[in-house]
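Asks: The following block contains the structure, expressed as C-alpha cells.
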Amino acid sequence: MDYRRVLQQVMSTAAPYVGEGKVADYIPELARVDPKQFGFAIATVDGRVFSDGDADVPFAIESVSKVFALALVLQRGDEKYWSRVRREPSGMAFNDLIELEVENGIPRNPFINPGAIVTTDQLLADTGDAVASARALLRAETGNPNIEVDSVTAESELRTGDRNRAIAYLMASFDNMANPVDLALDHYFRQCSISITCAELAKAGLVIARHGLRADGTRLLSESDARHVIALMATCGTYDEAGNFAYRVGLPTKSGVGGGLLAVVPNHCAVAAWGPGLDPKGNSISGAVALESFAHASGLAMY
Ligand code: GLN
C-alpha cells in the first residue's frame, strides 16, 4: 500500500471542505477554535505514521475518548456493564433525553452521551479514577507522557453541561449511576477535554486495529472485545449519522465535537482526521470527506 500517495489524495480531496461547518459553540471553549485547520494521520500496525496538515496541533478529543473508556471497561470484564447499557444504534442526537426516558434510563449504546457517562461512571467505580486510567492508556499508546486534560476546556464543559447533568440525573433516577452524579460528570468532562493530536490519535487507535494488542505487545483487551468495540464504532460511532458514514466511508469510525474522527481498518491501520467545522449531527465535515477519500484511495473500505 502506497500510504504516501493515499495521503496526498486525501489532502487534496479534503482541501475545499476545510473551514466548512460550525464549530461546537455549545461548549464555549470549542467555539474559540479556528475552523480553518485540518489534519490527517495514518498509523500502520507495523509502526509507520504518515501525516499531513495540522496533524500535530492538539485539539479536544471529546467523544473519541469514548472508544478508549469502553476498551478500559471491557478489559475489566465486569458483566454488570452490559446490563447498564445496550448495543443498538439510537437514531437520535448524541445528547438526546427522550429515548433515555422512554427506555427506563438504559442508554442505547456506549457512544451516545448517556452510554458514555455510564462507561465513565463504571470505570470510575472500577478503578477509582476514570480520567487517570484513560490518560494513562493514551500516554502509553502514543508514547507521549505529556498528554493532559485541558483544564480550560474541562471547566467550560462543566459550566455549560446542564444537558449532560440532566442525562446523568435521569439515569440516576432509574438507579443507573454507581457514583454521585457530580463526581461521575467531573470525570466525564475531563475525559472529553483531553488534548491530543491527529498523529497521536491514530497511534492510540492502533490498539483497536490490532484487536486489543498494545504498542508494547501486551494485551489490553481480548480479541473478541476488540471486535465488539469495532462493531460499536461501525454501528453507533457517528450517532444518528452512522448509516450515512457506513454508506460514504465504510470504515468503523468514532467522532467527537472537537472535530476529531478516528477510523480503524483491522489488521492494517488506524486513521485520524481533524477539522473543527461540524455538520448538524456533530461530525466533522472536512474529516468525513477525508475519510471517504481515504477509503476509496486505499481500497480498504469494509463493504
Ligand atoms: N463533551 C461533549 C458533550 O458531552 C462530547 C460530545 C461529543 O463529542 N459528541 O457534549
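Note on naming: chains are A, B, ... as they come in the C-alpha cells, residues start from 1 per chain, ligands start from 1 in the order shown.
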If we count only C-alpha atoms, what is near segment 136-148 of chain A at a cut-off of 10 Å, once residues fewer than 3 positions away on the same chain are taken out, given as number ranges by chain?

Replies: A: 58, 65, 68-69, 71-72, 130-133, 151, 190-191, 193-197, 199-207, 214-216, 220

Asks: From a DSSP calculation on the backbone, collect every residue of segment 12-241 of chain A in strand (DSSP E or B) and output the set as a VMD selection string.

Replies: chain A and resid 22 39 to 44 49 to 53 59 to 60 149 194 to 196 213 219

Asks: The selected residues should be written to file as a CSV table (one decimal), in the first residue's frame (atoms: N, CA and C atoms).

Replies:
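Full text of out23.csv as output:
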chain,number,residue,atom,x,y,z
A,22,LYS,N,-19.8,24.3,11.3
A,22,LYS,CA,-19.9,25.1,12.5
A,22,LYS,C,-19.1,24.5,13.6
A,39,GLY,N,-6.1,18.4,9.8
A,39,GLY,CA,-5.0,17.4,9.9
A,39,GLY,C,-5.5,16.0,9.6
A,40,PHE,N,-4.5,15.2,9.2
A,40,PHE,CA,-4.8,13.8,8.8
A,40,PHE,C,-3.6,13.0,9.1
A,41,ALA,N,-3.9,11.8,9.7
A,41,ALA,CA,-2.8,10.9,10.0
A,41,ALA,C,-3.2,9.4,9.9
A,42,ILE,N,-2.2,8.7,9.4
A,42,ILE,CA,-2.4,7.2,9.2
A,42,ILE,C,-1.3,6.5,10.0
A,43,ALA,N,-1.7,5.7,11.0
A,43,ALA,CA,-0.7,4.9,11.7
A,43,ALA,C,-0.9,3.4,11.3
A,44,THR,N,0.2,2.8,10.9
A,44,THR,CA,0.0,1.4,10.4
A,44,THR,C,0.4,0.4,11.5
A,49,VAL,N,4.0,6.0,10.6
A,49,VAL,CA,3.0,7.0,10.7
A,49,VAL,C,3.2,8.0,9.5
A,50,PHE,N,2.1,8.3,8.8
A,50,PHE,CA,2.1,9.2,7.7
A,50,PHE,C,1.1,10.3,8.1
A,51,SER,N,1.5,11.6,8.0
A,51,SER,CA,0.6,12.6,8.5
A,51,SER,C,0.8,13.9,7.6
A,52,ASP,N,-0.2,14.8,7.6
A,52,ASP,CA,0.0,16.0,6.9
A,52,ASP,C,-1.0,17.1,7.5
A,53,GLY,N,-0.8,18.3,7.0
A,53,GLY,CA,-1.6,19.4,7.5
A,53,GLY,C,-1.3,19.7,9.0
A,59,PHE,N,-6.1,19.1,19.9
A,59,PHE,CA,-7.5,19.5,20.0
A,59,PHE,C,-8.2,18.7,21.0
A,60,ALA,N,-9.4,19.0,21.4
A,60,ALA,CA,-10.1,18.3,22.4
A,60,ALA,C,-10.6,17.0,21.9
A,149,VAL,N,-5.3,16.6,30.3
A,149,VAL,CA,-6.6,17.2,30.3
A,149,VAL,C,-6.4,18.7,30.1
A,194,ILE,N,-9.4,15.9,27.2
A,194,ILE,CA,-8.0,15.5,27.0
A,194,ILE,C,-7.6,16.1,25.6
A,195,SER,N,-6.4,16.7,25.6
A,195,SER,CA,-5.9,17.3,24.4
A,195,SER,C,-5.0,16.3,23.7
A,196,ILE,N,-5.2,16.2,22.4
A,196,ILE,CA,-4.5,15.1,21.6
A,196,ILE,C,-4.4,15.6,20.2
A,213,LEU,N,-4.1,-5.6,21.0
A,213,LEU,CA,-2.7,-5.6,21.3
A,213,LEU,C,-2.2,-4.2,21.5
A,219,ARG,N,-1.4,-7.4,25.9
A,219,ARG,CA,-2.8,-7.3,25.5
A,219,ARG,C,-3.6,-6.4,26.4

Asks: Any idea what the distance is between atom CA of Gly277 of chain A and atom CA of Val289 of chain A?

Replies: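 That distance, rounded to one decimal, is 12.0 Å.
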
Asks: Within 9 Å of ligand 1, which residues of chain A come that close, and what is the closest atom pair and distance in Å for each? Count only C-alpha atoms and all ligand atoms and give it as a Markdown table.

Replies:
| residue | atom | partner | partner_atom_place_in_ligand_line | distance |
| --- | --- | --- | --- | --- |
| A:Ala24 | CA | ligand 1 | 8 (O) | 8.9 |
| A:Tyr26 | CA | ligand 1 | 10 (O) | 8.1 |
| A:Ile27 | CA | ligand 1 | 10 (O) | 7.7 |
| A:Ala60 | CA | ligand 1 | 8 (O) | 8.9 |
| A:Ile61 | CA | ligand 1 | 8 (O) | 7.7 |
| A:Glu62 | CA | ligand 1 | 8 (O) | 4.4 |
| A:Ser63 | CA | ligand 1 | 8 (O) | 3.7 |
| A:Val64 | CA | ligand 1 | 8 (O) | 6.9 |
| A:Ser65 | CA | ligand 1 | 8 (O) | 8.6 |
| A:Lys66 | CA | ligand 1 | 8 (O) | 8.9 |
| A:Ala93 | CA | ligand 1 | 9 (N) | 8.9 |
| A:Phe94 | CA | ligand 1 | 9 (N) | 6.0 |
| A:Asn95 | CA | ligand 1 | 10 (O) | 6.7 |
| A:Phe111 | CA | ligand 1 | 9 (N) | 8.4 |
| A:Ile112 | CA | ligand 1 | 9 (N) | 7.3 |
| A:Asn113 | CA | ligand 1 | 4 (O) | 5.9 |
| A:Pro114 | CA | ligand 1 | 4 (O) | 8.9 |
| A:Ala116 | CA | ligand 1 | 4 (O) | 8.7 |
| A:Ile117 | CA | ligand 1 | 4 (O) | 8.6 |
| A:Ala154 | CA | ligand 1 | 1 (N) | 8.6 |
| A:Glu157 | CA | ligand 1 | 1 (N) | 6.5 |
| A:Gly161 | CA | ligand 1 | 4 (O) | 7.2 |
| A:Arg163 | CA | ligand 1 | 10 (O) | 7.9 |
| A:Asn164 | CA | ligand 1 | 4 (O) | 6.2 |
| A:Tyr188 | CA | ligand 1 | 1 (N) | 7.6 |
| A:Phe189 | CA | ligand 1 | 1 (N) | 5.9 |
| A:Arg190 | CA | ligand 1 | 1 (N) | 8.5 |
| A:Gln191 | CA | ligand 1 | 1 (N) | 8.3 |
| A:Cys192 | CA | ligand 1 | 1 (N) | 5.1 |
| A:Ser193 | CA | ligand 1 | 1 (N) | 7.2 |
| A:Thr238 | CA | ligand 1 | 9 (N) | 8.4 |
| A:Tyr239 | CA | ligand 1 | 9 (N) | 8.3 |
| A:Ser255 | CA | ligand 1 | 8 (O) | 6.6 |
| A:Gly256 | CA | ligand 1 | 8 (O) | 3.5 |
| A:Val257 | CA | ligand 1 | 8 (O) | 3.8 |
| A:Gly258 | CA | ligand 1 | 8 (O) | 6.4 |
| A:Gly259 | CA | ligand 1 | 8 (O) | 8.1 |
| A:Gly260 | CA | ligand 1 | 8 (O) | 8.6 |
| A:Lys281 | CA | ligand 1 | 9 (N) | 8.6 |
| A:Gly282 | CA | ligand 1 | 9 (N) | 6.2 |
| A:Asn283 | CA | ligand 1 | 9 (N) | 7.8 |

Asks: Just to confirm, what's the straight-line distance from atom CA of Glu79 of chain A to atom CA of Leu261 of chain A in Å (one decimal)?

Replies: 28.9 Å

Asks: Could you check the closest approach to Val6 of chain A for each of A:Arg87, A:Lys80, A:His296, A:Arg165 and tell me which residue wins, using only C-alpha atoms?

Replies: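 Nearest to Val6 of chain A: A:His296.
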
Asks: Output as a VMD selection string all residues of segment 32-266 of chain A that backbone DSSP marks as helix (DSSP H, G or I).

Replies: chain A and resid 62 to 76 81 to 84 98 to 102 113 to 127 130 to 142 151 to 159 162 to 173 181 to 192 198 to 209 223 to 236 239 to 248

Asks: State, in Å with one decimal place, the distance from atom CA of Asn109 of chain A to atom CA of Leu30 of chain A.

Replies: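 According to the coordinates, atom CA of Asn109 of chain A and atom CA of Leu30 of chain A are separated by 25.0 Å.
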
Asks: Let me make sure I understand: among A:Ser156, A:Ala234, A:Asp240, A:Gly128, which one has the smallest atom-to-atom distance to Asp279 of chain A if we use only C-alpha atoms?

Replies: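 Counting only C-alpha atoms, the residue closest to Asp279 of chain A is A:Asp240.
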
Asks: Using only C-alpha atoms, find the one residue out of A:Cys236, A:Val118, A:Ala242, A:Ala301 that sits nearest to His187 of chain A.

Replies: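 Distance minimum relative to His187 of chain A lands on A:Val118.
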
Asks: At a cut-off of 8 Å, using only C-alpha atoms, what residues contact Ser286 of chain A? Leave out same-chain residues fewer than 6 positions from it and give the result as a list in words.

Replies: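 Skipping anything fewer than 6 positions along the chain leaves Ala14, Ala15, Tyr17, Val18, Gly19, Glu20, Phe38, Trp274, Gly275 and Gly277 of chain A.
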
Asks: Keeping only C-alpha atoms, write the selected residues as a short mmCIF file (atom, residue, chain, number, x, y, z; two decimals), in the first residue's frame.

Replies:
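Okay, this is what ended up in part_15.cif:
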data_model
loop_
_atom_site.label_atom_id
_atom_site.label_comp_id
_atom_site.auth_asym_id
_atom_site.auth_seq_id
_atom_site.Cartn_x
_atom_site.Cartn_y
_atom_site.Cartn_z
CA ALA A 14 -10.49 17.49 1.66
CA ALA A 15 -8.95 20.91 0.93
CA TYR A 17 -14.06 21.50 2.62
CA VAL A 18 -11.66 22.84 5.21
CA GLY A 19 -13.40 25.55 7.24
CA GLU A 20 -16.89 24.35 6.30
CA PHE A 38 -7.20 20.39 9.10
CA TRP A 274 -9.36 16.61 12.41
CA GLY A 275 -11.37 19.56 11.16
CA GLY A 277 -16.20 22.56 11.43
#

Asks: Skip segment 170-184 of chain A itself and residues of its chain fewer than 2 positions away, then list as a list in words all residues within 7 Å of it, counting only C-alpha atoms.

Replies: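 My reading of the contact set: Arg84, Asn104, Gly105, Val118, Thr120, Asp121, Gln122, Ala125, Ala166, Ile167, Ala168, Asp186, His187 and Tyr188 of chain A.
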
Asks: What's around segment 264-266 of chain A at 9 Å? Count only C-alpha atoms, leave out sequence neighbours fewer than 5 positions away in its own chain, and write the answer as an NGL selection string.

Replies: :A and (45 or 202 or 205-206 or 208-211 or 227 or 230 or 233 or 251-253 or 271-272 or 300-302)

Asks: Which residues are near Ala297 of chain A? Cut-off 9 Å, only C-alpha atoms, ignore same chain within fewer than 5 positions. Put them as a PyMOL selection string.

Replies: chain A and resi 5-7+9-10+292

Asks: Would you mind exporting the chosen residues as an mmCIF file, in the first residue's frame, restricted to C-alpha atoms?

Replies:
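The resulting part_16.cif:
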data_model
loop_
_atom_site.group_PDB
_atom_site.id
_atom_site.type_symbol
_atom_site.label_atom_id
_atom_site.label_comp_id
_atom_site.auth_asym_id
_atom_site.auth_seq_id
_atom_site.Cartn_x
_atom_site.Cartn_y
_atom_site.Cartn_z
ATOM 1 C CA ARG A 5 0.051 8.597 -2.325
ATOM 2 C CA VAL A 6 -3.172 7.889 -0.435
ATOM 3 C CA LEU A 7 -2.379 10.741 1.966
ATOM 4 C CA GLN A 9 -5.118 12.182 -2.430
ATOM 5 C CA VAL A 10 -6.895 12.686 0.899
ATOM 6 C CA GLU A 292 -14.301 8.913 2.456
#
